[in-house]
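final-v5.txt (compact mmCIF, C-alpha atoms) appears below.
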```
# COMPACT_ATOMS: atom_id res chain seq x y z
CA MET A 1 -1.90 20.92 10.04
CA ASP A 2 -2.89 23.00 7.01
CA THR A 3 -6.36 24.28 7.93
CA ARG A 4 -7.50 24.25 4.28
CA LEU A 5 -6.60 20.58 3.97
CA SER A 6 -8.24 19.80 7.31
CA ARG A 7 -11.43 21.57 6.24
CA TYR A 8 -11.48 19.80 2.87
CA LEU A 9 -11.07 16.36 4.46
CA MET A 10 -13.85 17.03 6.96
CA GLN A 11 -16.26 18.41 4.34
CA ASN A 12 -15.71 15.40 2.09
CA ASN A 13 -15.74 12.77 4.84
CA SER A 14 -12.22 11.78 3.78
CA GLU A 15 -9.00 10.66 5.41
CA LEU A 16 -5.44 11.28 4.31
CA SER A 17 -2.95 8.59 3.31
CA VAL A 18 0.63 9.52 2.51
CA HIS A 19 3.09 7.49 0.45
CA ILE A 20 6.53 7.49 2.02
CA PRO A 21 9.43 7.91 -0.46
CA LEU A 22 11.19 4.63 -1.21
CA LEU A 23 13.42 3.42 1.61
CA ASP A 24 15.45 0.25 1.22
CA ILE A 25 14.69 -0.68 4.81
CA GLY A 26 16.40 -4.04 4.38
CA ASN A 27 19.77 -2.32 3.88
CA VAL A 28 21.81 -3.82 6.70
CA GLY A 29 24.41 -1.08 6.47
CA ALA A 30 21.91 1.76 6.82
CA ILE A 31 19.67 0.64 9.69
CA ASN A 32 20.16 3.75 11.83
CA ASP A 33 19.71 6.08 8.85
CA ASN A 34 16.52 4.29 7.85
CA ILE A 35 15.17 4.42 11.39
CA ARG A 36 15.70 8.19 11.48
CA GLU A 37 14.29 8.75 7.97
CA LEU A 38 11.18 6.69 8.59
CA LYS A 39 10.59 8.50 11.87
CA ASP A 40 10.92 11.85 10.11
CA TYR A 41 8.43 10.87 7.38
CA LEU A 42 5.95 9.55 9.95
CA GLN A 43 6.18 12.72 12.02
CA ARG A 44 5.54 14.80 8.91
CA ALA A 45 2.53 12.63 8.10
CA GLY A 46 1.31 13.12 11.66
CA ARG A 47 1.46 16.89 11.29
CA TYR A 48 -1.02 16.56 8.42
CA ASP A 49 -3.21 14.22 10.46
CA ALA A 50 -2.65 11.35 8.03
CA LYS A 51 -4.26 8.09 9.12
CA ARG A 52 -2.08 5.76 7.05
CA ALA A 53 1.47 5.84 5.73
CA ILE A 54 2.20 3.61 2.72
CA LEU A 55 5.65 2.04 2.39
CA HIS A 56 7.46 0.03 -0.27
CA THR A 57 10.14 -2.01 1.49
CA GLY A 58 12.64 -1.65 -1.35
CA VAL A 59 15.12 -4.05 -2.95
CA ILE A 60 18.10 -5.97 -1.63
CA ASN A 61 20.75 -8.47 -2.66
CA THR A 62 18.80 -11.75 -2.54
CA ARG A 63 21.81 -13.53 -0.98
CA GLU A 64 21.32 -11.32 2.08
CA ARG A 65 17.56 -11.80 2.38
CA SER A 66 17.42 -13.23 5.90
CA GLN A 67 19.64 -10.47 7.31
CA ALA A 68 17.73 -7.86 5.31
CA ILE A 69 14.39 -9.00 6.72
CA LEU A 70 15.78 -8.64 10.24
CA ALA A 71 17.06 -5.16 9.41
CA ALA A 72 13.65 -4.15 8.07
CA GLU A 73 11.98 -5.48 11.21
CA GLN A 74 14.35 -3.41 13.35
CA VAL A 75 13.57 -0.24 11.37
CA ILE A 76 9.81 -0.68 11.82
CA ASN A 77 9.98 -1.85 15.44
CA SER A 78 12.01 1.23 16.27
CA ASN A 79 9.17 3.38 14.95
CA LEU A 80 6.17 1.69 16.56
CA ASP A 81 6.04 4.37 19.25
CA THR A 82 6.05 7.06 16.54
CA LEU A 83 3.18 5.35 14.76
CA GLU A 84 1.15 5.08 17.97
CA LYS A 85 1.90 8.64 19.07
CA ASN A 86 0.76 10.07 15.72
CA GLY A 87 -2.25 7.78 15.30
CA ILE A 88 -0.88 6.34 12.04
CA ILE A 89 -1.08 2.84 10.62
CA LEU A 90 1.92 1.78 8.52
CA CYS A 91 0.70 -0.04 5.40
CA ILE A 92 3.27 -2.21 3.62
CA GLU A 93 2.47 -2.28 -0.09
CA ASN A 94 2.80 -5.41 -2.21
CA VAL A 95 5.30 -5.02 -5.05
CA GLY A 96 7.25 -8.18 -5.95
CA TYR A 97 8.02 -7.59 -9.62
CA LEU A 98 11.00 -5.23 -9.51
CA GLY A 99 13.71 -7.87 -9.22
CA GLY A 100 15.47 -8.21 -5.88
CA ASP A 101 12.39 -7.09 -3.92
CA LEU A 102 12.88 -7.49 -0.19
CA ILE A 103 9.41 -9.07 -0.05
CA HIS A 104 8.46 -10.62 -3.36
CA ASN A 105 5.30 -12.68 -2.78
CA PHE A 106 2.06 -12.56 -0.81
CA THR A 107 3.04 -15.24 1.70
CA GLN A 108 6.24 -13.41 2.61
CA LEU A 109 4.28 -10.19 2.98
CA ALA A 110 1.76 -11.84 5.29
CA GLU A 111 4.52 -13.34 7.43
CA PHE A 112 6.34 -10.00 7.60
CA VAL A 113 3.29 -7.96 8.60
CA ASP A 114 2.33 -10.55 11.24
CA LYS A 115 5.53 -9.75 13.14
CA PHE A 116 4.08 -6.40 14.23
CA PRO A 117 0.99 -5.25 16.17
CA LYS A 118 -1.98 -5.51 13.81
CA ASP A 119 -3.32 -2.14 14.90
CA LEU A 120 -0.09 -0.43 13.79
CA VAL A 121 1.12 -2.33 10.71
CA CYS A 122 -1.00 -3.69 7.88
CA VAL A 123 -1.06 -4.20 4.10
CA ALA A 124 -1.83 -1.74 1.31
CA PHE A 125 -2.95 -3.99 -1.53
CA ASP A 126 -2.23 -2.70 -5.02
CA PHE A 127 -4.30 -4.43 -7.70
CA SER A 128 -1.98 -3.62 -10.61
CA HIS A 129 1.06 -4.89 -8.74
CA ALA A 130 -0.79 -8.04 -7.74
CA ASN A 131 -1.94 -8.71 -11.29
CA ILE A 132 1.71 -8.77 -12.36
CA THR A 133 2.88 -10.99 -9.51
CA GLY A 134 0.73 -13.75 -8.08
CA GLY A 135 -2.76 -12.65 -9.12
CA VAL A 136 -5.27 -10.32 -7.46
CA GLN A 137 -7.64 -12.96 -6.07
CA SER A 138 -4.75 -15.02 -4.73
CA GLY A 139 -3.39 -11.96 -2.97
CA ILE A 140 -6.76 -11.16 -1.40
CA GLU A 141 -7.14 -14.73 -0.16
CA ILE A 142 -3.63 -14.89 1.36
CA LEU A 143 -3.50 -11.41 2.87
CA GLY A 144 -7.14 -11.22 3.92
CA GLU A 145 -7.86 -9.05 6.98
CA ARG A 146 -4.31 -7.68 6.96
CA ILE A 147 -5.46 -5.46 4.08
CA LYS A 148 -6.63 -2.05 5.31
CA GLU A 149 -6.13 -0.05 2.13
CA ILE A 150 -6.57 -1.02 -1.52
CA HIS A 151 -5.23 0.75 -4.60
CA LEU A 152 -7.60 0.13 -7.47
CA SER A 153 -6.56 0.14 -11.13
CA ASP A 154 -6.34 -2.27 -14.05
CA ASN A 155 -3.62 -3.62 -16.33
CA GLN A 156 -2.62 -6.44 -18.64
CA GLY A 157 -0.43 -8.17 -16.05
CA GLU A 158 2.87 -7.13 -17.59
CA THR A 159 5.83 -5.78 -15.65
CA GLU A 160 5.87 -2.34 -17.28
CA ASP A 161 2.09 -2.04 -17.36
CA HIS A 162 0.66 -0.14 -14.43
CA HIS A 163 -2.40 1.62 -13.09
CA LYS A 164 -4.65 1.74 -16.14
CA PRO A 165 -8.33 2.77 -15.97
CA ILE A 166 -10.62 0.04 -14.66
CA GLY A 167 -12.09 -2.01 -17.48
CA THR A 168 -9.12 -1.55 -19.80
CA GLY A 169 -7.08 -4.50 -18.54
CA LYS A 170 -7.38 -8.16 -17.57
CA ILE A 171 -8.37 -7.87 -13.90
CA ASP A 172 -11.74 -9.56 -13.46
CA PHE A 173 -13.43 -7.22 -10.99
CA GLU A 174 -16.86 -8.74 -11.65
CA THR A 175 -16.00 -12.11 -10.11
CA MET A 176 -13.67 -10.76 -7.43
CA ASN A 177 -14.25 -12.16 -3.95
CA PHE A 178 -13.75 -9.41 -1.39
CA ARG A 179 -15.23 -11.29 1.55
CA THR A 180 -11.90 -11.85 3.31
CA ILE A 181 -11.17 -8.10 3.37
CA GLN A 182 -12.49 -5.92 6.17
CA ASP A 183 -15.50 -3.74 5.43
CA ASN A 184 -13.90 -0.54 6.71
CA ILE A 185 -10.88 -0.41 4.42
CA THR A 186 -9.90 2.65 2.41
CA ALA A 187 -10.12 2.35 -1.38
CA ILE A 188 -8.02 4.62 -3.59
CA LEU A 189 -8.29 4.92 -7.35
CA GLU A 190 -4.65 4.95 -8.44
CA ILE A 191 -4.82 5.69 -12.16
CA ALA A 192 -1.73 6.75 -14.09
CA SER A 193 -1.71 10.41 -15.02
CA ASP A 194 -2.07 11.43 -18.67
CA ASN A 195 -4.01 13.99 -20.71
CA GLU A 196 -7.23 12.04 -20.07
CA TRP A 197 -6.73 11.65 -16.34
CA GLU A 198 -10.04 13.21 -15.30
CA THR A 199 -12.08 11.10 -17.73
CA ASN A 200 -10.14 7.99 -16.71
CA LEU A 201 -10.90 8.56 -13.03
CA LEU A 202 -14.60 9.21 -13.64
CA ASP A 203 -14.92 6.18 -15.95
CA SER A 204 -13.14 3.97 -13.40
CA ARG A 205 -15.41 5.17 -10.61
CA LYS A 206 -18.48 4.53 -12.76
CA ALA A 207 -17.26 1.01 -13.57
CA LEU A 208 -16.86 0.24 -9.86
CA GLN A 209 -20.34 1.62 -9.13
CA GLU A 210 -21.87 -0.55 -11.87
CA LEU A 211 -20.19 -3.57 -10.30
CA GLU A 212 -21.64 -2.45 -6.92
CA LEU A 213 -18.18 -2.43 -5.40
CA ILE A 214 -18.59 1.20 -4.31
CA GLU A 215 -21.57 3.49 -3.84
```

Since I need it in another form, could you write the structure as structure tokens?
Amino acid sequence: MDTRLSRYLMQNNSELSVHIPLLDIGNVGAINDNIRELKDYLQRAGRYDAKRAILHTGVINTRERSQAILAAEQVINSNLDTLEKNGIILCIENVGYLGGDLIHNFTQLAEFVDKFPKDLVCVAFDFSHANITGGVQSGIEILGERIKEIHLSDNQGETEDHHKPIGTGKIDFETMNFRTIQDNITAILEIASDNEWETNLLDSRKALQELELIE
């Protein structure tokens, strides 16, 4: 592991999450390739002492959904030993708005994650994605304790509208019910990069502090 990164994480009481590049793990014709690629990404994450690896499950031909789900299960099951060996939790992120998503609603995501050991596979809950598809509060209620990482941002709930500073969109953080989520989850401010990125991050953090959602 990079000693500078290790030192920074320790000094700031932080943990590392890595986002795995998009793998269409439901691709029935590429199961072995996806098993190898996911293993490689997880091993790389382990070398940096990452605690969580975030994964989008990709898109598929909807006519092949049942076979694609089985393929995705095989890819993850084949990497459970790699997850355990490297001390990593695989967090499946909610997407659902791309068209042809392998998993396109909260119920499907809950059912998929429940197929694996809960200490190795969980949910990374993205607020902007949820606000486009299904609603943030609905997602929290359905996914509940499966959520071990949240990606905080705001938006107007439109397909091409992502990861805006908190308070600039339609997500009602003030009335949000977080009680079904575990207390020890990791929260990440995922704000789109632009020329005002530093101000946007600080303003978003301040908004969350005012709502007493973070310290």

Report task. In Å, rounded to a single decimal, give me how far atom CA of Ile35 of chain A is from atom CA of Arg47 of chain A. Result -> 18.5 Å

**Report entry** Contacts of Ala50 of chain A within 10 Å, all atoms listed in the file, excl. fewer than 4 positions in-chain, as a PyMOL selection string
**Finding:** chain A and resi 1+15-18+42-46+86-89

Query raised in the report: From the list A:Ile76, A:Leu98, A:Ile147, A:Ile140, which residue is nearest Arg36 of chain A when using only C-alpha atoms?
Result: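 Under the stated criterion, the closest residue is A:Ile76.
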
Query raised in the report: Of the residues A:Gly134, A:Pro21, A:Gly167, A:Gly26, which is the one nearest to Ile103 of chain A, using all atoms listed in the file?
Result: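 Of all the options, A:Gly26 lies closest to Ile103 of chain A.
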
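Separating atom CA of Arg63 of chain A from atom CA of Val123 of chain A is a distance of 25.2 Å.
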
Query raised in the report: How many Å separate atom CA of Leu120 of chain A from atom CA of Leu83 of chain A?
Result: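 Going from atom CA of Leu120 of chain A over to atom CA of Leu83 of chain A covers 6.7 Å.
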
Query - Expected answer as JSON, numbers by chain: all residues with atoms within 10 Å of (24.8, -4.2, 6.8), all atoms listed in the file - result: {"A": [26, 27, 28, 29, 30, 31, 64, 67, 68, 71]}

Query raised in the report: Could you list as a count of residues only every residue that has an atom within 6 Å of (-7.9, -1.1, -13.4), using the file's coordinates and counting all atoms listed in the file?
Result: 7

Query raised in the report: Hey, which of A:Thr168, A:Leu143, A:Phe173, A:Phe125 ends up closest to Asp203 of chain A? Count all atoms listed in the file.
Result: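 Result for the nearest residue to Asp203 of chain A: A:Thr168.
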
Query raised in the report: Pick from A:Ile60, A:Val113, A:Ala187, A:Leu70: nearest to Gly99 of chain A, with only C-alpha atoms counted?
Result: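 Result for the nearest residue to Gly99 of chain A: A:Ile60.
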